[in-house]
Structures are given as structure tokens and as C-alpha cells.
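Data from query_20.csv: CSV, C-alpha atoms
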chain,number,residue,atom,x,y,z
A,1,PHE,CA,149.2,244.3,27.6
A,2,LEU,CA,147.8,241.4,29.6
A,3,GLY,CA,145.8,243.8,31.8
A,4,LYS,CA,143.6,244.6,28.8
A,5,LYS,CA,142.5,240.9,28.4
A,6,VAL,CA,139.1,240.2,30.0
A,7,LYS,CA,140.2,236.8,31.2
A,8,VAL,CA,143.2,238.3,33.1
A,9,GLN,CA,140.9,241.0,34.6
A,10,GLN,CA,138.6,238.2,35.7
A,11,LEU,CA,141.5,236.2,37.3
A,12,ILE,CA,142.5,239.2,39.5
A,13,LYS,CA,138.8,239.9,40.2
A,14,VAL,CA,138.7,243.5,39.1
A,15,ASP,CA,135.0,243.6,39.9
A,16,SER,CA,135.5,242.5,43.5
A,17,VAL,CA,135.5,244.9,46.5
A,18,PRO,CA,139.0,244.0,47.8
A,19,THR,CA,140.6,244.5,44.4
A,20,ARG,CA,138.8,247.8,44.0
A,21,ALA,CA,140.1,248.9,47.4
A,22,VAL,CA,143.6,248.1,46.3
A,23,GLU,CA,143.0,250.1,43.2
A,24,MET,CA,141.8,253.1,45.3
A,25,ILE,CA,145.0,252.9,47.3
A,26,LEU,CA,147.2,252.7,44.3
A,27,LYS,CA,145.5,255.6,42.6
A,28,ARG,CA,146.3,258.0,45.4
A,29,PRO,CA,148.7,260.8,44.4
A,30,GLY,CA,152.2,260.5,45.6
A,31,LEU,CA,153.5,257.7,47.9
A,32,ASP,CA,152.1,256.9,51.3
A,33,LEU,CA,152.2,254.0,53.8
A,34,GLY,CA,149.2,252.3,52.2
A,35,LYS,CA,150.6,252.3,48.7
A,36,VAL,CA,154.1,251.2,49.7
A,37,ALA,CA,152.6,248.4,51.9
A,38,ILE,CA,150.5,247.2,48.9
A,39,LEU,CA,153.5,247.3,46.5
A,40,ILE,CA,155.8,245.3,48.8
A,41,GLY,CA,153.4,243.2,50.8
A,42,GLY,CA,150.5,242.5,48.5
A,43,PRO,CA,150.2,239.5,46.2
A,44,ASP,CA,152.6,240.1,43.2
A,45,TRP,CA,150.3,239.0,40.4
A,46,PRO,CA,147.1,241.0,41.3
A,47,VAL,CA,149.1,244.1,42.3
A,48,SER,CA,151.3,244.1,39.2
A,49,VAL,CA,148.3,243.6,36.8
A,50,THR,CA,146.2,246.2,38.6
A,51,CYS,CA,149.0,248.7,38.2
A,52,GLY,CA,149.1,247.9,34.5
A,53,ILE,CA,145.4,248.1,34.1
A,54,LEU,CA,145.3,251.5,35.8
A,55,CYS,CA,148.3,252.7,33.7
A,56,LEU,CA,150.0,254.0,36.8
A,57,ASN,CA,153.2,255.9,36.7
A,58,ILE,CA,156.0,253.3,36.4
A,59,PRO,CA,158.8,255.3,38.0
A,60,GLN,CA,156.6,256.1,41.0
A,61,MET,CA,155.6,252.4,41.3
A,62,LEU,CA,159.3,251.3,41.1
A,63,LEU,CA,160.2,254.0,43.7
A,64,GLY,CA,157.4,252.7,46.0
A,65,THR,CA,158.6,249.1,45.6
A,66,MET,CA,162.2,250.0,46.6
A,67,PRO,CA,161.6,249.5,50.4
A,68,VAL,CA,161.3,245.8,49.6
A,69,ILE,CA,165.1,245.7,50.0
A,70,LEU,CA,164.4,245.7,53.7
A,71,ILE,CA,162.7,242.4,53.3
A,72,LEU,CA,165.0,240.9,50.7
A,73,SER,CA,168.3,241.7,52.5
A,74,PRO,CA,167.7,239.3,55.3
A,75,CYS,CA,166.8,236.6,52.8
A,76,CYS,CA,170.1,237.2,50.9
A,77,LEU,CA,172.0,237.2,54.2
A,78,ALA,CA,170.4,233.9,55.2
A,79,GLY,CA,171.5,232.3,51.9
A,80,ALA,CA,175.1,233.7,52.4
A,81,PHE,CA,175.3,232.4,56.0
A,82,ILE,CA,173.9,229.0,55.0
A,83,SER,CA,176.6,228.7,52.3
A,84,ARG,CA,179.3,229.0,55.0
A,85,GLN,CA,177.8,226.6,57.6
A,86,GLY,CA,180.4,224.0,56.9
A,87,MET,CA,183.2,226.4,57.9
A,88,GLY,CA,184.4,227.0,61.4
A,89,GLY,CA,183.8,223.5,62.9
A,90,GLU,CA,181.2,222.6,65.5
A,91,ASP,CA,181.4,226.0,67.2
A,92,SER,CA,180.7,227.9,64.0
A,93,ILE,CA,178.5,231.0,64.3
A,94,TRP,CA,177.1,230.7,60.7
A,95,PRO,CA,174.2,228.4,61.5
A,96,MET,CA,172.9,230.7,64.2
A,97,LEU,CA,173.3,233.7,61.9
A,98,ALA,CA,171.5,231.9,59.1
A,99,ASN,CA,168.5,231.0,61.4
A,100,PHE,CA,168.4,234.6,62.8
A,101,ALA,CA,168.4,236.1,59.3
A,102,SER,CA,165.6,233.7,58.2
A,103,VAL,CA,163.5,234.7,61.1
A,104,ILE,CA,164.0,238.4,60.4
A,105,ALA,CA,163.1,237.8,56.7
A,106,PHE,CA,159.9,236.0,57.6
A,107,ALA,CA,158.9,238.6,60.2
A,108,GLY,CA,159.5,241.4,57.7
A,109,GLN,CA,157.4,239.7,55.0
A,110,MET,CA,154.6,239.0,57.5
A,111,VAL,CA,154.6,242.7,58.8
A,112,ALA,CA,154.3,244.0,55.2
A,113,LEU,CA,151.5,241.5,54.4
A,114,VAL,CA,149.5,242.2,57.5
A,115,LEU,CA,150.0,246.0,57.1
A,116,ALA,CA,148.8,245.8,53.4
A,117,GLY,CA,145.8,243.7,54.5
A,118,ALA,CA,144.9,246.0,57.4
A,119,LEU,CA,145.0,249.2,55.3
A,120,THR,CA,143.0,247.5,52.5
A,121,VAL,CA,140.3,246.5,55.1
A,122,LYS,CA,140.3,250.1,56.4
A,123,VAL,CA,139.6,251.4,52.9
A,124,ILE,CA,136.8,248.8,52.4
A,125,GLN,CA,135.2,249.9,55.7
A,126,GLU,CA,135.4,253.6,54.8
A,127,SER,CA,134.2,253.3,51.2
A,128,SER,CA,132.2,250.1,51.0
A,129,ASP,CA,129.2,251.7,49.2
A,130,GLU,CA,131.4,253.3,46.5
A,131,LEU,CA,133.4,250.1,46.0
A,132,SER,CA,130.3,247.9,45.7
A,133,VAL,CA,128.7,249.9,42.8
A,134,GLU,CA,128.8,248.1,39.4
A,135,ARG,CA,131.1,249.8,36.9
A,136,PRO,CA,130.5,249.8,33.1
A,137,GLU,CA,134.2,249.0,32.4
A,138,HIS,CA,133.7,245.7,34.3
A,139,ALA,CA,130.6,244.6,32.4
A,140,ALA,CA,132.7,242.3,30.2
A,141,VAL,CA,134.2,240.6,33.2
A,142,ALA,CA,130.7,240.1,34.7
A,143,GLU,CA,129.4,238.7,31.4
A,144,LEU,CA,132.4,236.3,31.2
A,145,THR,CA,131.8,235.1,34.7
A,146,LYS,CA,128.1,234.5,34.0
A,147,GLN,CA,129.0,232.5,30.9
A,148,GLU,CA,131.4,230.3,32.8
A,149,GLU,CA,128.9,229.5,35.6
A,150,GLU,CA,127.2,226.8,33.5
A,151,ALA,CA,130.6,225.3,32.5
A,152,THR,CA,131.6,225.2,36.1
A,153,ARG,CA,128.3,223.6,37.1
A,154,MET,CA,128.7,221.0,34.3
A,155,TYR,CA,132.3,220.2,35.4
A,156,ALA,CA,131.2,219.7,39.0
A,157,GLU,CA,128.4,217.4,37.8
A,158,ILE,CA,130.7,215.3,35.7
A,159,THR,CA,133.4,215.0,38.3
A,160,LYS,CA,131.0,213.6,41.0
A,161,TRP,CA,132.2,210.2,42.2
A,162,GLU,CA,128.9,208.5,41.4
A,163,ASN,CA,129.0,209.9,37.8
A,164,MET,CA,132.4,208.5,36.9
A,165,GLY,CA,133.2,205.1,35.4
A,166,PHE,CA,135.6,202.5,36.7
A,167,GLY,CA,138.5,203.8,34.6
A,168,ASP,CA,138.1,207.3,36.0
A,169,LYS,CA,137.9,206.1,39.6
A,170,PHE,CA,141.0,203.9,39.1
A,171,LEU,CA,142.9,206.9,37.7
A,172,ILE,CA,141.9,209.1,40.7
A,173,ILE,CA,142.8,206.3,43.3
A,174,SER,CA,146.1,205.5,41.6
A,175,MET,CA,147.3,209.1,41.3
A,176,THR,CA,146.3,209.9,44.9
A,177,ALA,CA,148.0,206.7,46.2
A,178,THR,CA,151.2,207.3,44.2
A,179,GLN,CA,151.5,210.9,45.3
A,180,LEU,CA,150.9,210.0,49.0
A,181,LEU,CA,153.3,207.0,48.7
A,182,SER,CA,156.1,209.1,47.2
A,183,GLY,CA,155.6,211.8,49.9
A,184,ILE,CA,155.9,209.2,52.6
A,185,ILE,CA,159.1,207.8,51.1
A,186,PHE,CA,160.6,211.2,50.7
A,187,VAL,CA,159.9,212.2,54.3
A,188,PHE,CA,160.6,209.0,56.2
A,189,GLY,CA,163.2,207.5,53.9
A,190,ALA,CA,165.2,210.6,52.9
A,191,SER,CA,168.5,209.1,53.9
A,192,MET,CA,167.8,206.1,51.7
A,193,CYS,CA,166.7,208.2,48.8
A,194,PHE,CA,169.4,210.9,48.7
A,195,LEU,CA,173.0,211.4,49.6
A,196,PRO,CA,173.6,214.1,52.3
A,197,PHE,CA,174.7,217.4,50.6
A,198,SER,CA,174.5,221.1,51.5
A,199,VAL,CA,175.3,224.2,49.5
A,200,ASP,CA,178.5,224.8,51.4
A,201,LYS,CA,180.0,221.5,50.0
A,202,ASP,CA,181.8,221.0,46.7
A,203,ILE,CA,180.2,218.8,44.1
A,204,ASP,CA,183.6,217.6,42.8
A,205,ALA,CA,184.6,216.5,46.3
A,206,PRO,CA,184.5,212.8,47.2
A,207,VAL,CA,181.3,211.4,48.7
A,208,ALA,CA,183.1,210.6,51.9
A,209,GLU,CA,183.9,214.4,52.3
A,210,GLY,CA,180.3,215.5,51.7
A,211,GLY,CA,180.6,215.9,47.9
A,212,LEU,CA,179.1,214.1,45.0
A,213,GLY,CA,182.2,212.9,43.2
A,214,GLY,CA,181.7,215.3,40.3
A,215,ASP,CA,178.3,213.9,39.4
A,216,PRO,CA,175.3,216.0,40.4
A,217,LEU,CA,172.8,213.2,39.7
A,218,ALA,CA,174.7,211.0,42.2
A,219,ILE,CA,172.8,212.7,45.0
A,220,VAL,CA,169.8,210.5,44.1
A,221,LYS,CA,170.0,206.9,45.2
A,222,PRO,CA,168.1,204.0,43.5
A,223,LEU,CA,165.2,204.3,46.0
A,224,GLY,CA,165.1,208.0,45.3
A,225,TRP,CA,164.8,207.4,41.6
A,226,LEU,CA,161.9,205.0,42.3
A,227,ALA,CA,160.2,207.5,44.5
A,228,CYS,CA,160.6,210.2,41.9
A,229,GLY,CA,159.2,207.9,39.2
A,230,ILE,CA,156.1,207.2,41.5
A,231,PHE,CA,155.6,210.9,42.0
A,232,PHE,CA,156.0,211.6,38.3
A,233,TYR,CA,153.3,209.0,37.5
A,234,GLY,CA,151.0,210.7,40.0
A,235,VAL,CA,151.5,214.1,38.4
A,236,VAL,CA,151.0,212.8,34.9
A,237,THR,CA,147.8,210.9,35.8
A,238,HIS,CA,146.5,214.0,37.6
A,239,ILE,CA,147.0,216.2,34.5
A,240,LEU,CA,145.5,213.4,32.4
A,241,HIS,CA,142.4,213.3,34.6
A,242,LEU,CA,142.0,217.0,34.4
A,243,LYS,CA,142.2,217.0,30.6
A,244,ILE,CA,139.7,214.1,30.3
A,245,MET,CA,137.2,215.7,32.6
A,246,GLY,CA,137.6,219.1,30.9
A,247,ARG,CA,137.0,217.6,27.5
A,248,ARG,CA,133.9,215.8,28.7
A,249,ALA,CA,132.5,218.9,30.3
A,250,LYS,CA,133.1,220.9,27.1
A,251,ALA,CA,131.5,218.2,24.9
A,252,LYS,CA,128.4,217.9,27.1
A,253,LEU,CA,128.1,221.7,27.4
A,254,ARG,CA,128.3,222.0,23.6
A,255,TYR,CA,125.7,219.4,22.7
A,256,GLN,CA,123.3,219.6,25.7
A,257,PRO,CA,119.8,220.9,24.8
A,258,GLN,CA,118.4,224.0,26.3
A,259,PRO,CA,114.9,223.0,27.3
A,260,LEU,CA,114.4,225.9,29.6
A,261,VAL,CA,115.1,228.5,26.9
A,262,GLN,CA,112.9,226.6,24.5
A,263,GLU,CA,110.1,226.4,27.0
A,264,GLU,CA,110.4,230.1,27.7
A,265,LYS,CA,110.2,230.9,24.0
A,266,MET,CA,107.2,228.5,23.5
A,267,SER,CA,105.4,230.0,26.5
A,268,LEU,CA,106.0,233.5,25.2
A,269,SER,CA,104.7,232.6,21.7
A,270,GLN,CA,101.7,230.8,23.2
A,271,HIS,CA,100.9,233.8,25.4
A,272,ALA,CA,101.2,236.1,22.3
A,273,ALA,CA,98.9,233.9,20.3
A,274,LYS,CA,96.4,233.8,23.1
A,275,THR,CA,96.5,237.6,23.4
A,276,GLU,CA,95.9,238.0,19.7
A,277,LYS,CA,92.8,235.7,19.8
A,278,GLU,CA,91.4,237.6,22.7

Exercise: express the given structure as C-alpha cells:
Amino acid sequence: FLGKKVKVQQLIKVDSVPTRAVEMILKRPGLDLGKVAILIGGPDWPVSVTCGILCLNIPQMLLGTMPVILILSPCCLAGAFISRQGMGGEDSIWPMLANFASVIAFAGQMVALVLAGALTVKVIQESSDELSVERPEHAAVAELTKQEEEATRMYAEITKWENMGFGDKFLIISMTATQLLSGIIFVFGASMCFLPFSVDKDIDAPVAEGGLGGDPLAIVKPLGWLACGIFFYGVVTHILHLKIMGRRAKAKLRYQPQPLVQEEKMSLSQHAAKTEKE
């Protein structure tokens, strides 16, 4: 359903060479290494939407995605091992197993990602001319991109530092300062912001035994609440800044004159009149 929307097609760049290369791989009959690598190692959103746009065989896509269990299994094992880290005392083997499983999971994901990228690049090199040809079905995407170019230019012009007022600059400085400050507090003052707690502990256990006394919110200390509030202020002001700049860009784009278009029309009419006189 979403794959039919022009905006969604624009977001995954259906008219770009890399996405068309992925499309070429996915449209191959049957299952091969390239298709499986794309399905389990490629970016979830573009790959899934591309499969929907192409109306590919769903059972075949699900079958090609099944090898992802080789990547997910170490992640699940890592979580299971972490949940048992508190058992077995100082000589417990669980922390080592958790670290080992995490490394295996990371390595598996990287192998799938690199393999998908390498096979996509290979297709681009072999069929670059074919992939670069403009397609009629992507004309709507190209037109939407062209329409948004002026809006993007207008937004960039409005958000230049020298074009903003005192209030806008204060908003940017305050949101940046608060987000940086909260990050510094979280990193360097973690022990003063939060109680120590791990997934292998019991929430109902006393704080002295590594629990939270039955209150999940007790994990946050007063300084932690303060840091969370500072971070929340930074997030809200960031969203506010984006909304304000977006509204200004839309308003300016809506009411700005189009002198170039008018001049072109005038020059054409003058040229036509001159031709008629001659």
C-alpha cells in the first residue's frame, strides 16, 4: 500500500542507481546469494518497500529472509547470558559468554551488510548504463523532487544564522546547550543520576541487594530527574525550532513573487509582438 505513494518512493530513491540495482537483484528468479544477502543484510525500510513496489512473491521473500536466524540467534543468546550474569559469583562464565555472543552477532550482521553492499556494487558496475536510464514510471518521483528543490532552497535560506532573529538564535543556543549538558551529566555523573541495576536483578529486592525496592522509578535519582528534564527541554525546543522554520519557509514560498517566470513571459510576448511588426 505505502509503496504506491509517490512520497514513499521518493524516500527510498526508486529513481537512483543503487535502489535500481537492489531491484534488479530482487527480481531475479529463485533464491541466490545476492538476493538473500539483500534481504537479511540490506536496510529494512528500503528493501521492504522495494519488495512491495515490485509485488514480489511473499512466500519466496519470507523464505529468503529465514537465514537471518543465523544473525538473530547470537543476539538472543547474548541477552540470555546477560540475564544470568549475577549468578555464579565472581568466577561466573556468563559475562564471558555474553560478550562472545555479542561479538558473534555483530560480526554476522557486518558480514551480511558488507556482502549485500559488495553484490549491489557489482550489479551497478555490470549494468550501470541500464540502471541510469530514466523510466516513465519514475517520472512522478522526479517531478516531486523538482518541486521540492525550491522549498529546500528556501528553508536553507531562512535557517542561515545571519537571517535569524534574536529569539531564533536564543532557541538554537539553548536547545544545543541543554542537550550537551544533559549528555555530560549522564556520562560523567551516571552514578549520581541512577541507582545501579541490571537485568539479572529483581525489582522487588531491596536496594542494598541490587533491587529497586519494588518501585521501578526509584532507579532515577533527583539529579537524574533534573538531567532528564534538561534533555526533555532540549528535545522540545528542537522540535519547536523545526516547526517554526518550516512554517516560515512555507509562508515565504507561498507568497513570494515569481519575477523570473514573469520576465520570461514578458520577453516572449515582446518577442512575439516584435515579430508581428516585422

With all atoms listed in the file as the counted atoms, please give the residues lying no more than 8 Å from Asp204 of chain A, apart from itself and same-chain residues fewer than 5 positions off, as a PyMOL selection string. chain A and resi 211-215

Can you spit out the residues from that selection as a PDB file, in the frame of the given file, using C-alpha atoms?
ATOM      1  CA  GLY A 211     180.600 215.900  47.900  1.00  0.00           C
ATOM      2  CA  LEU A 212     179.100 214.100  45.000  1.00  0.00           C
ATOM      3  CA  GLY A 213     182.200 212.900  43.200  1.00  0.00           C
ATOM      4  CA  GLY A 214     181.700 215.300  40.300  1.00  0.00           C
ATOM      5  CA  ASP A 215     178.300 213.900  39.400  1.00  0.00           C
TER       6      ASP A 215
END

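Closest approach to Val236 of chain A among A:Gln9, A:Thr176, A:Ser198, A:Ser102: A:Thr176, based on all atoms listed in the file.
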
Using all atoms listed in the file for the distances, tell me which of A:Asp200, A:Gly108, A:Glu209, A:Ile172 is nearest to Trp94 of chain A. A:Asp200

In Å, rounded to a single decimal, give me how far atom CA of Leu253 of chain A is from atom CA of Glu149 of chain A.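 Rounded to one decimal, the two atoms are 11.3 Å apart.
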
To one decimal in Å, tell me the separation between atom CA of Lys122 of chain A and atom CA of Glu137 of chain A.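 A separation of 24.8 Å between them.
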
Skipping near chain neighbours, those fewer than 3 positions away, what residues fall within 7 Å of Gly64 of chain A using all atoms listed in the file, listed as a ChimeraX atom specification? /A:31,36,39,60-61,67

Val68 of chain A surroundings by only C-alpha atoms, 12 Å radius, close-in-sequence under 4 positions cut, as a PyMOL selection string: chain A and resi 36-42+62-64+72-75+105+108-109+111-113
